[in-house]
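Chemist: Input structure: entry-v3.txt, which contains compact mmCIF, C-alpha atoms and all ligand atoms.
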# COMPACT_ATOMS: atom_id res chain seq x y z
CA MET A 192 -10.26 -5.02 -28.06
CA SER A 193 -9.09 -3.82 -24.64
CA VAL A 194 -7.66 -5.14 -21.38
CA LEU A 195 -10.06 -5.19 -18.43
CA ILE A 196 -8.66 -5.23 -14.90
CA PHE A 197 -10.73 -6.17 -11.87
CA LEU A 198 -10.03 -3.70 -9.06
CA ASP A 199 -10.75 -5.36 -5.77
CA GLN A 200 -12.11 -3.31 -2.90
CA SER A 201 -12.65 -3.83 0.78
CA GLU A 202 -14.78 -1.50 2.91
CA GLY A 203 -14.80 1.09 0.14
CA HIS A 204 -11.05 1.13 -0.45
CA ILE A 205 -9.15 -0.32 -3.39
CA LYS A 206 -6.80 -3.09 -2.25
CA LYS A 207 -3.03 -2.88 -2.73
CA ASN A 208 -2.94 -5.94 -5.02
CA SER A 209 -5.27 -4.12 -7.42
CA PHE A 210 -2.62 -1.45 -8.09
CA GLU A 211 -0.24 -4.23 -9.10
CA ALA A 212 -2.92 -5.76 -11.34
CA ALA A 213 -3.75 -2.34 -12.85
CA SER A 214 -0.10 -1.57 -13.69
CA TYR A 215 0.39 -5.08 -15.08
CA GLY A 216 -2.82 -4.77 -17.14
CA ALA A 217 -1.72 -1.36 -18.47
CA LYS A 218 1.57 -2.88 -19.62
CA VAL A 219 -0.25 -5.83 -21.26
CA ALA A 220 -2.47 -3.29 -23.05
CA ALA A 221 0.62 -1.40 -24.25
CA LEU A 222 2.10 -4.66 -25.59
CA LEU A 223 -1.13 -5.31 -27.49
CA ASN A 224 -1.49 -1.69 -28.70
CA THR A 225 -4.79 -1.28 -26.93
CA SER A 226 -6.15 0.46 -23.84
CA ALA A 227 -6.49 -0.68 -20.23
CA GLU A 228 -9.78 -0.28 -18.38
CA GLY A 229 -10.71 -1.11 -14.79
CA ILE A 230 -13.88 -2.44 -13.19
CA VAL A 231 -14.91 -1.71 -9.60
CA LEU A 232 -18.01 -3.19 -8.00
CA GLY A 233 -19.76 -1.79 -4.92
CA ASN A 234 -19.55 1.59 -3.20
CA VAL A 235 -16.01 2.92 -3.10
CA SER A 236 -14.96 6.09 -1.31
CA ASP A 237 -11.51 6.30 -2.95
CA ASP A 238 -10.98 8.78 -5.78
CA LEU A 239 -11.49 6.48 -8.77
CA PRO A 240 -10.49 8.90 -11.60
CA SER A 241 -7.04 9.19 -9.97
CA LEU A 242 -6.48 5.49 -10.72
CA GLY A 243 -5.76 6.71 -14.24
CA ALA A 244 -2.24 7.24 -12.87
CA TYR A 245 -1.81 3.45 -13.07
CA GLY A 246 -2.45 3.56 -16.81
CA LEU A 247 -6.23 3.02 -16.84
CA LYS A 248 -8.17 4.98 -19.46
CA LYS A 249 -11.64 4.13 -18.14
CA ILE A 250 -13.10 2.65 -14.97
CA HIS A 251 -16.43 0.85 -15.15
CA THR A 252 -18.33 1.05 -11.89
CA LEU A 253 -21.53 -0.42 -10.53
CA LYS A 254 -22.34 1.25 -7.23
CA ASN A 255 -24.88 -0.74 -5.33
CA GLU A 256 -24.91 -1.82 -1.72
CA ALA A 257 -25.76 -5.36 -2.85
CA LEU A 258 -22.19 -5.46 -4.15
CA ASP A 259 -20.46 -4.08 -1.06
CA ASN A 260 -19.93 -7.61 0.23
CA PHE A 261 -17.92 -9.75 -2.14
CA ASP A 262 -19.93 -12.55 -3.80
CA ASP A 263 -18.02 -14.43 -6.48
CA GLN A 264 -21.10 -15.66 -8.37
CA VAL A 265 -22.79 -12.25 -8.50
CA TYR A 266 -19.54 -10.49 -9.39
CA THR A 267 -18.69 -13.02 -12.11
CA LYS A 268 -21.91 -12.40 -13.99
CA ILE A 269 -21.41 -8.62 -13.99
CA ILE A 270 -17.79 -8.90 -15.10
CA ALA A 271 -18.74 -11.38 -17.84
CA GLU A 272 -21.35 -8.98 -19.22
CA THR A 273 -18.84 -6.12 -19.06
CA VAL A 274 -16.26 -8.17 -20.97
CA VAL A 275 -18.82 -8.82 -23.71
CA ALA A 276 -20.07 -5.20 -23.79
CA THR A 277 -16.59 -3.65 -23.90
CA GLY A 278 -15.09 -6.25 -26.23
CA ALA A 279 -12.23 -6.87 -23.80
CA THR A 280 -9.92 -9.64 -24.98
CA VAL A 281 -7.75 -9.90 -21.87
CA VAL A 282 -9.08 -9.85 -18.30
CA ILE A 283 -6.71 -9.46 -15.36
CA PHE A 284 -7.23 -10.33 -11.69
CA SER A 285 -4.94 -10.42 -8.71
CA ASN A 286 -4.54 -14.07 -7.69
CA ASN A 287 -5.90 -13.26 -4.24
CA PHE A 288 -9.07 -14.44 -2.47
CA SER A 289 -11.43 -12.62 -4.88
CA GLY A 290 -9.42 -13.42 -8.00
CA LYS A 291 -9.30 -17.11 -7.08
CA GLY A 292 -13.09 -17.05 -6.72
CA ILE A 293 -13.99 -15.12 -9.86
CA ALA A 294 -11.37 -15.99 -12.50
CA PRO A 295 -12.22 -19.72 -12.85
CA ARG A 296 -15.96 -18.96 -12.93
CA LEU A 297 -15.42 -16.31 -15.59
CA SER A 298 -13.25 -18.73 -17.54
CA ALA A 299 -16.07 -21.31 -17.58
CA ARG A 300 -18.72 -18.73 -18.43
CA LEU A 301 -16.80 -17.16 -21.33
CA LYS A 302 -15.03 -20.37 -22.42
CA ALA A 303 -11.83 -18.37 -21.99
CA GLY A 304 -8.36 -19.75 -21.29
CA LEU A 305 -7.14 -18.93 -17.79
CA VAL A 306 -3.59 -18.70 -16.45
CA SER A 307 -3.73 -18.52 -12.68
CA GLY A 308 -0.72 -17.44 -10.64
CA ALA A 309 1.08 -15.55 -13.44
CA VAL A 310 4.45 -14.10 -12.44
CA ALA A 311 5.50 -12.19 -15.57
CA LEU A 312 4.14 -10.25 -18.52
CA PRO A 313 2.86 -12.37 -21.41
CA ASP A 314 5.07 -12.97 -24.41
CA VAL A 315 2.91 -11.61 -27.22
CA ALA A 316 5.55 -11.94 -29.92
CA ASN A 317 4.70 -15.63 -30.42
CA GLY A 318 1.01 -15.98 -29.62
CA PHE A 319 0.16 -15.27 -26.02
CA VAL A 320 2.39 -17.13 -23.58
CA VAL A 321 2.26 -16.50 -19.84
CA LYS A 322 4.78 -17.65 -17.23
CA LYS A 323 3.34 -19.05 -14.00
CA ASN A 324 4.48 -20.81 -10.85
CA VAL A 325 3.86 -24.56 -10.60
CA PHE A 326 4.58 -27.26 -8.01
CA SER A 327 4.24 -24.82 -5.09
CA GLY A 328 6.75 -22.41 -6.59
CA LYS A 329 9.44 -25.01 -7.31
CA ALA A 330 9.18 -24.63 -11.09
CA PHE A 331 7.76 -22.36 -13.77
CA ALA A 332 5.49 -23.24 -16.67
CA ASN A 333 5.01 -21.19 -19.83
CA VAL A 334 1.36 -21.49 -20.83
CA ALA A 335 0.08 -20.57 -24.29
CA VAL A 336 -3.48 -19.25 -24.28
CA ASN A 337 -5.32 -19.82 -27.55
CA THR A 338 -8.85 -18.57 -26.84
CA ASP A 339 -10.18 -15.22 -28.07
CA VAL A 340 -10.67 -13.99 -24.51
CA LYS A 341 -7.73 -14.61 -22.20
CA ILE A 342 -7.80 -14.43 -18.41
CA ILE A 343 -4.77 -13.94 -16.20
CA SER A 344 -4.62 -13.89 -12.42
CA LEU A 345 -1.38 -12.28 -11.26
CA ASN A 346 0.40 -13.56 -8.18
CA PRO A 347 0.53 -10.81 -5.53
CA ASN A 348 3.89 -9.02 -5.29
CA SER A 349 5.02 -10.28 -8.72
CA TYR A 350 4.70 -6.95 -10.51
CA LYS A 351 5.65 -3.55 -9.13
CA PRO A 352 2.89 -0.93 -9.37
CA VAL A 353 3.87 1.95 -11.65
CA LYS A 354 2.24 5.28 -10.80
CA THR A 355 2.62 8.20 -13.17
CA GLU A 356 -0.04 10.74 -14.10
CA GLY A 357 -3.44 10.52 -15.71
CA THR A 358 -7.14 10.56 -15.00
CA ALA A 359 -9.53 7.75 -15.82
CA GLU A 360 -12.97 8.36 -17.26
CA ILE A 361 -15.70 6.87 -15.04
CA VAL A 362 -18.36 4.80 -16.82
CA GLU A 363 -21.45 3.77 -14.85
CA LEU A 364 -22.53 0.23 -15.71
CA ASN A 365 -26.17 -0.57 -16.16
CA ILE A 366 -26.30 -4.30 -15.54
CA PRO A 367 -29.00 -6.06 -13.50
CA ILE A 368 -27.59 -7.57 -10.31
CA ASP A 369 -28.46 -11.20 -9.62
CA LYS A 370 -29.91 -12.10 -6.25
CA ALA A 371 -27.13 -13.65 -4.19
CA ARG A 372 -27.53 -17.37 -3.49
CA VAL A 373 -25.71 -17.00 -0.20
CA LYS A 374 -26.06 -14.27 2.41
CA VAL A 375 -23.31 -12.89 4.62
CA THR A 376 -24.85 -12.88 8.08
CA SER A 377 -21.89 -11.43 9.95
CA VAL A 378 -18.29 -10.43 9.40
CA ASN A 379 -15.83 -10.85 12.25
CA LYS A 380 -12.83 -8.73 11.40
CA ILE A 381 -9.60 -9.27 13.27
CA GLU A 382 -8.91 -5.81 14.66
CA GLY A 383 -5.54 -4.14 14.87
CA GLU A 384 -3.62 -6.70 12.82
CA ILE A 385 -1.86 -6.16 9.52
CA PRO A 386 -3.51 -8.50 6.98
CA LEU A 387 -1.01 -11.28 6.30
CA ALA A 388 -1.97 -11.75 2.65
CA GLU A 389 -1.02 -8.17 1.76
CA ALA A 390 1.83 -7.57 4.21
CA GLU A 391 5.20 -6.40 2.89
CA LEU A 392 7.03 -7.58 6.01
CA VAL A 393 6.19 -10.78 7.85
CA ILE A 394 7.70 -12.03 11.12
CA SER A 395 6.98 -15.71 11.63
CA GLY A 396 7.61 -18.20 14.42
CA GLY A 397 7.88 -21.97 14.68
CA ARG A 398 8.01 -24.69 17.28
CA GLY A 399 11.53 -23.55 18.19
CA LEU A 400 9.90 -20.82 20.27
CA LYS A 401 8.75 -23.53 22.70
CA GLY A 402 5.31 -22.13 23.53
CA PRO A 403 2.79 -19.29 23.08
CA GLU A 404 4.14 -17.53 26.18
CA ASN A 405 7.28 -16.70 24.17
CA TRP A 406 5.48 -15.13 21.21
CA HIS A 407 6.62 -11.65 22.28
CA LEU A 408 9.86 -12.61 20.48
CA VAL A 409 7.83 -12.43 17.25
CA THR A 410 5.37 -9.65 18.09
CA ASP A 411 7.91 -7.20 19.56
CA LEU A 412 9.81 -7.09 16.28
CA ALA A 413 6.59 -7.11 14.23
CA LYS A 414 5.25 -4.06 16.09
CA LEU A 415 8.52 -2.17 15.68
CA LEU A 416 8.64 -2.84 11.92
CA GLY A 417 4.90 -2.61 11.22
CA ALA A 418 4.97 -6.24 10.09
CA ALA A 419 2.30 -8.95 10.02
CA THR A 420 2.84 -12.09 12.10
CA ALA A 421 2.72 -15.67 10.84
CA CYS A 422 3.56 -19.17 12.06
CA SER A 423 4.24 -22.74 10.97
CA ARG A 424 1.46 -25.28 10.83
CA ALA A 425 2.92 -27.14 13.81
CA VAL A 426 2.38 -23.98 15.86
CA ALA A 427 -1.20 -23.47 14.68
CA ASP A 428 -1.99 -27.17 15.20
CA ALA A 429 -0.72 -26.87 18.77
CA ASP A 430 -3.09 -23.91 19.27
CA TRP A 431 -0.22 -21.57 20.11
CA ARG A 432 -1.41 -19.23 17.35
CA PRO A 433 -4.64 -18.90 15.32
CA HIS A 434 -4.92 -20.89 12.11
CA HIS A 435 -5.29 -17.80 9.93
CA GLU A 436 -1.57 -17.12 10.66
CA HIS A 437 -0.41 -20.49 9.36
CA VAL A 438 1.55 -20.24 6.12
CA GLY A 439 2.55 -23.02 3.75
CA GLN A 440 1.13 -25.63 1.44
CA THR A 441 -2.01 -26.10 3.52
CA GLY A 442 -2.05 -22.54 4.85
CA LEU A 443 -1.74 -19.14 3.24
CA ALA A 444 0.78 -18.67 0.41
CA ILE A 445 2.46 -15.29 0.75
CA ALA A 446 5.07 -13.27 -1.14
CA PRO A 447 6.16 -10.38 1.10
CA ASN A 448 9.24 -8.25 0.50
CA MET A 449 10.77 -9.83 3.61
CA TYR A 450 9.94 -13.04 5.47
CA PHE A 451 11.61 -13.45 8.84
CA ALA A 452 11.50 -17.06 10.11
CA ILE A 453 12.34 -17.70 13.77
CA GLY A 454 12.70 -21.26 15.04
CA ILE A 455 11.12 -22.80 11.93
CA SER A 456 12.80 -25.85 10.40
CA GLY A 457 11.89 -25.02 6.78
CA ALA A 458 9.99 -28.20 5.93
CA ILE A 459 9.07 -28.41 2.25
CA GLN A 460 5.38 -27.85 3.04
CA HIS A 461 6.25 -24.63 4.89
CA LEU A 462 8.56 -23.40 2.11
CA ALA A 463 5.80 -23.96 -0.44
CA GLY A 464 3.92 -21.01 1.05
CA VAL A 465 6.80 -18.60 1.56
CA ASN A 466 9.42 -19.28 -1.10
CA ARG A 467 8.18 -16.42 -3.28
CA SER A 468 9.22 -13.91 -0.59
CA LYS A 469 11.72 -11.42 -2.00
CA VAL A 470 14.13 -11.72 0.98
CA ILE A 471 14.14 -14.56 3.53
CA VAL A 472 15.85 -14.19 6.91
CA VAL A 473 16.22 -17.33 9.03
CA ILE A 474 17.12 -17.66 12.70
CA ASN A 475 17.65 -21.24 13.83
CA LYS A 476 19.97 -22.82 16.35
CA ASP A 477 20.59 -25.83 14.10
CA PRO A 478 23.06 -24.99 11.30
CA GLU A 479 21.67 -27.98 9.34
CA ALA A 480 18.07 -26.67 9.38
CA PRO A 481 16.73 -26.95 5.79
CA PHE A 482 15.46 -23.36 5.89
CA PHE A 483 19.04 -22.05 5.57
CA LYS A 484 19.15 -23.40 1.99
CA ALA A 485 16.30 -21.05 1.05
CA ALA A 486 17.56 -18.11 3.13
CA ASP A 487 19.09 -14.88 1.84
CA TYR A 488 20.35 -14.10 5.35
CA GLY A 489 20.73 -16.53 8.21
CA ILE A 490 21.71 -16.41 11.87
CA VAL A 491 22.71 -19.67 13.53
CA GLY A 492 21.76 -19.04 17.12
CA ASP A 493 19.27 -19.39 19.93
CA ALA A 494 16.22 -17.25 19.18
CA PHE A 495 15.89 -16.45 22.89
CA GLU A 496 19.30 -14.74 22.76
CA VAL A 497 19.23 -13.37 19.22
CA MET A 498 15.76 -11.82 19.07
CA PRO A 499 16.08 -9.39 22.03
CA LYS A 500 19.35 -8.15 20.47
CA ILE A 501 17.67 -7.60 17.09
CA VAL A 502 14.80 -5.75 18.77
CA GLU A 503 17.25 -3.52 20.67
CA ALA A 504 19.22 -2.81 17.48
CA VAL A 505 16.05 -1.88 15.55
CA LYS A 506 14.94 0.39 18.41
CA LYS A 507 18.30 2.17 18.28
CA ILE A 508 18.11 2.66 14.52
CA LYS A 509 14.55 3.97 14.81
CA GLY A 510 15.65 6.34 17.60
C1 LIG B 1 0.42 -32.79 4.00
C2 LIG B 1 1.19 -31.86 4.90
C3 LIG B 1 0.96 -30.50 4.77
C4 LIG B 1 1.65 -29.60 5.58
N1 LIG B 1 1.44 -28.25 5.44
C5 LIG B 1 2.19 -27.39 6.16
C6 LIG B 1 2.04 -25.99 5.99
O1 LIG B 1 1.23 -25.51 5.22
N2 LIG B 1 2.83 -25.17 6.73
C7 LIG B 1 3.76 -25.63 7.63
O2 LIG B 1 4.44 -24.82 8.27
N3 LIG B 1 3.90 -26.97 7.81
C8 LIG B 1 3.13 -27.85 7.12
N4 LIG B 1 3.28 -29.18 7.34
C9 LIG B 1 4.13 -29.61 8.46
C10 LIG B 1 5.60 -29.58 8.13
O3 LIG B 1 5.96 -30.80 7.51
C11 LIG B 1 6.43 -29.43 9.42
O4 LIG B 1 6.11 -30.45 10.32
C12 LIG B 1 6.21 -28.08 10.14
O5 LIG B 1 6.37 -27.03 9.22
C13 LIG B 1 7.22 -27.97 11.27
O6 LIG B 1 7.03 -26.79 11.96
P1 LIG B 1 8.25 -26.09 12.70
O7 LIG B 1 9.34 -25.85 11.75
O8 LIG B 1 7.66 -24.93 13.44
O9 LIG B 1 8.63 -27.17 13.83
P2 LIG B 1 9.86 -28.15 13.93
O10 LIG B 1 9.95 -29.05 12.75
O11 LIG B 1 9.73 -28.78 15.26
O12 LIG B 1 11.15 -27.22 13.87
C14 LIG B 1 11.52 -26.34 14.90
C15 LIG B 1 12.82 -25.67 14.48
O13 LIG B 1 13.17 -24.75 15.49
C16 LIG B 1 14.56 -24.84 15.70
N5 LIG B 1 14.80 -24.40 17.10
C17 LIG B 1 14.53 -25.08 18.24
N6 LIG B 1 14.84 -24.33 19.31
C18 LIG B 1 15.31 -23.16 18.82
C19 LIG B 1 15.79 -21.99 19.44
N7 LIG B 1 15.83 -21.84 20.76
N8 LIG B 1 16.22 -20.97 18.64
C20 LIG B 1 16.21 -21.07 17.29
N9 LIG B 1 15.76 -22.18 16.66
C21 LIG B 1 15.31 -23.20 17.43
C22 LIG B 1 14.91 -26.28 15.46
O14 LIG B 1 16.29 -26.42 15.12
C23 LIG B 1 13.99 -26.62 14.32
O15 LIG B 1 14.62 -26.39 13.06
C24 LIG B 1 2.59 -30.09 6.54
C25 LIG B 1 2.81 -31.48 6.63
C26 LIG B 1 2.13 -32.33 5.82
C27 LIG B 1 2.40 -33.81 5.95
Can you dump the structure from the file as structure tokens?
Modeler:
Amino acid sequence: MSVLIFLDQSEGHIKKNSFEAASYGAKVAALLNTSAEGIVLGNVSDDLPSLGAYGLKKIHTLKNEALDNFDDQVYTKIIAETVVATGATVVIFSNNFSGKGIAPRLSARLKAGLVSGAVALPDVANGFVVKKNVFSGKAFANVAVNTDVKIISLNPNSYKPVKTEGTAEIVELNIPIDKARVKVTSVNKIEGEIPLAEAELVISGGRGLKGPENWHLVTDLAKLLGAATACSRAVADADWRPHHEHVGQTGLAIAPNMYFAIGISGAIQHLAGVNRSKVIVVINKDPEAPFFKAADYGIVGDAFEVMPKIVEAVKKIKG
């Protein structure tokens, strides 16, 4: 019996969401009086033993260049075999791109109950009950998992990473790697941008900004704060901004520490993707804009007047 945590990597570096998953998994292990172990696939240049500081006793690795590019089918098989070999009874993923690809496949393969989008630690006092978001974050459900192996995918930014001290033992896996059924022929990485899915600060613009020529109102503040940029679907549909920036029900769902919405009405489909943000700041010239109901801070005003003042104020504070 142990808790196995999938540690996601990109270009040889462990992703931020994996630290959250590791800390969460370590706490689940403590609740179950067992140990937490990680699994990393592909070549990683980060210092893996130091991940013991997140509460991991062991890290299982399979270094092979065939695994450097994420493939959910190939990864699933290796993780499934590791679960069986280690006797893990709980498997944790971040509910990000990789977790969404692997966790359901693993669930089918191991006939294991899956709770996707968990937002809190399981209640182990009465079975194994996990709280998750439902209806695009408008409600919570408490889900009891009854299978021997339980899988949880944790919503990003739902659990604070806890770093203390400790060194993890590295265990090399010896599992045959399946031939991939699909081949990555090229990867076009967007250079110089902060990845939206992992950003702690997000500055976002809507149709209230009137056109792409005014996007400096968003990007000036984003550059100053080291924030990612986002937009409403109406903006992406109008080709003012690329579709990978569109957040909401049909776009990316994010949960940054701060979401700054400029000239966005706050339609329910938009809120569905951003309402898990820790702090929401809204700037809109219409005091009746629905977004104000979801806002922690709001400014009723014209973005064309307000934003330059905010940028100046931030510049002053930053010296
Ligand atoms: C099935 C479905 C799925 C959808 N999925 C999504 C989704 O994932 N994400 C998404 O965003 N939308 C989605 N939509 C669209 C959504 O319903 C809204 O139409 C869209 O979010 C509106 O974008 P907006 O707020 O930028 O534009 P608008 O609704 O046009 O609002 C512009 C806002 O800017 C304000 N404004 C205007 N001028 C200024 C100014 N000078 N200064 C300050 N404020 C100003 C206005 O008061 C207004 O509130 C979906 C719709 C459907 C039907």
Chemist: Any residue with an atom at most 6 Å from ligand LIG 1 (chain B) counts, using all atoms listed in the file. Which are they? Put them as an MDAnalysis selection string.
Modeler: chainID A and resid 397:399 423:426 438:442 454:458 460:461 474:477 480 492:495
Chemist: Select from stretch 222-272 of chain A every residue with an atom at most 10 Å from any atom of stretch 368-390 of chain A, then for each give the shortest pair of atoms and their distance in Å to one decimal, using only C-alpha atoms, rows by chain and rising number, as a tab-separated table.
Modeler:
residue	atom	partner	partner_atom	distance
A:Leu253	CA	A:Ile368	CA	9.4
A:Asn255	CA	A:Ile368	CA	8.9
A:Ala257	CA	A:Ile368	CA	8.0
A:Leu258	CA	A:Ile368	CA	8.5
A:Asn260	CA	A:Val375	CA	7.7
A:Phe261	CA	A:Val375	CA	9.2
A:Asp262	CA	A:Ala371	CA	7.3
A:Asp263	CA	A:Ala371	CA	9.4
A:Gln264	CA	A:Ala371	CA	7.6
A:Val265	CA	A:Asp369	CA	5.9
A:Tyr266	CA	A:Ile368	CA	8.6
A:Lys268	CA	A:Asp369	CA	8.0
A:Ile269	CA	A:Ile368	CA	7.3
Chemist: Which residue is closest to A:Pro367? Choose from A:Val219, A:Ile270, A:Ile394, A:Ala294 and count all atoms listed in the file.
Modeler: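 When distances to A:Pro367 are compared using all atoms listed in the file, the smallest one comes from A:Ile270.
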Chemist: To one decimal in Å, tell me the separation between atom CA of A:Glu356 and atom CA of A:Ala212.
Modeler: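 Separating atom CA of A:Glu356 from atom CA of A:Ala212 is a distance of 17.0 Å.
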Chemist: Excluding A:Gly402 and its own-chain neighbours fewer than 6 positions away, which residues fall within 12 Å of it when counting all atoms listed in the file? Please give them as an mmCIF file with C-alpha atoms, in the coordinates of the input.
Modeler:
data_model
loop_
_atom_site.group_PDB
_atom_site.id
_atom_site.type_symbol
_atom_site.label_atom_id
_atom_site.label_comp_id
_atom_site.auth_asym_id
_atom_site.auth_seq_id
_atom_site.Cartn_x
_atom_site.Cartn_y
_atom_site.Cartn_z
ATOM 1 C CA GLY A 396 7.610 -18.200 14.420
ATOM 2 C CA LEU A 408 9.860 -12.610 20.480
ATOM 3 C CA VAL A 409 7.830 -12.430 17.250
ATOM 4 C CA CYS A 422 3.560 -19.170 12.060
ATOM 5 C CA ALA A 425 2.920 -27.140 13.810
ATOM 6 C CA VAL A 426 2.380 -23.980 15.860
ATOM 7 C CA ALA A 427 -1.200 -23.470 14.680
ATOM 8 C CA ALA A 429 -0.720 -26.870 18.770
ATOM 9 C CA ASP A 430 -3.090 -23.910 19.270
ATOM 10 C CA TRP A 431 -0.220 -21.570 20.110
ATOM 11 C CA ARG A 432 -1.410 -19.230 17.350
ATOM 12 C CA GLY A 454 12.700 -21.260 15.040
#
Chemist: Pick from A:Val334, A:Pro481, A:Val502, A:Val362: nearest to A:Thr410, with only C-alpha atoms counted?
Modeler: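 Smallest separation from A:Thr410 among the options: A:Val502.
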Chemist: When distances are computed from all atoms listed in the file, which of A:Leu400, A:Ala421, A:Val231, A:Leu297 shows the smallest separation from A:Pro433?
Modeler: A:Ala421
Chemist: Which residue is closest to A:Asn234? Choose from A:Lys218, A:Arg467, A:Lys249, A:Lys254 and count all atoms listed in the file.
Modeler: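 Closest residue, counting all atoms listed in the file: A:Lys254.
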Chemist: Calculated over only C-alpha atoms, which of the candidates A:Leu415, A:Asp199, A:Val472, A:Ala335 has the smallest distance to A:Gly510?
Modeler: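 Going through A:Leu415, A:Asp199, A:Val472, A:Ala335 one by one, the smallest distance to A:Gly510 is for A:Leu415.
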Chemist: Separation of atom CA of A:Thr267 and atom CA of A:Val325, in Å?
Modeler: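 Taking atom CA of A:Thr267 and atom CA of A:Val325, their separation equals 25.4 Å.
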Chemist: I'd like the interatomic distance between atom CA of A:Leu364 and atom CA of A:Ser307, to a tenth of an Å.
Modeler: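 If I compute the distance from atom CA of A:Leu364 to atom CA of A:Ser307, I get 26.7 Å.
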Chemist: Compare A:Val274, A:Ile283, A:Ala244, A:Ile250 by their minimum atom-to-atom distance to A:Phe197, counting all atoms listed in the file, and give me the closest one.
Modeler: A:Ile283
Chemist: Using only C-alpha atoms, determine which residues lie at most 8 Å from stretch 200-204 of chain A, disregarding the query and same-chain residues fewer than 2 positions distant; provide the list as a ChimeraX atom specification.
Modeler: /A:198,206,231-237,259
Chemist: Step by step: start from the point (-4.3, -1.6, -22.7) in the file's coordinates, keep every protein, DNA or RNA residue that has an atom no farther than 6 Å from it, count only C-alpha atoms, and write the set as an NGL selection string.
Modeler: :A and (193-194 or 217 or 220-221 or 225-227)
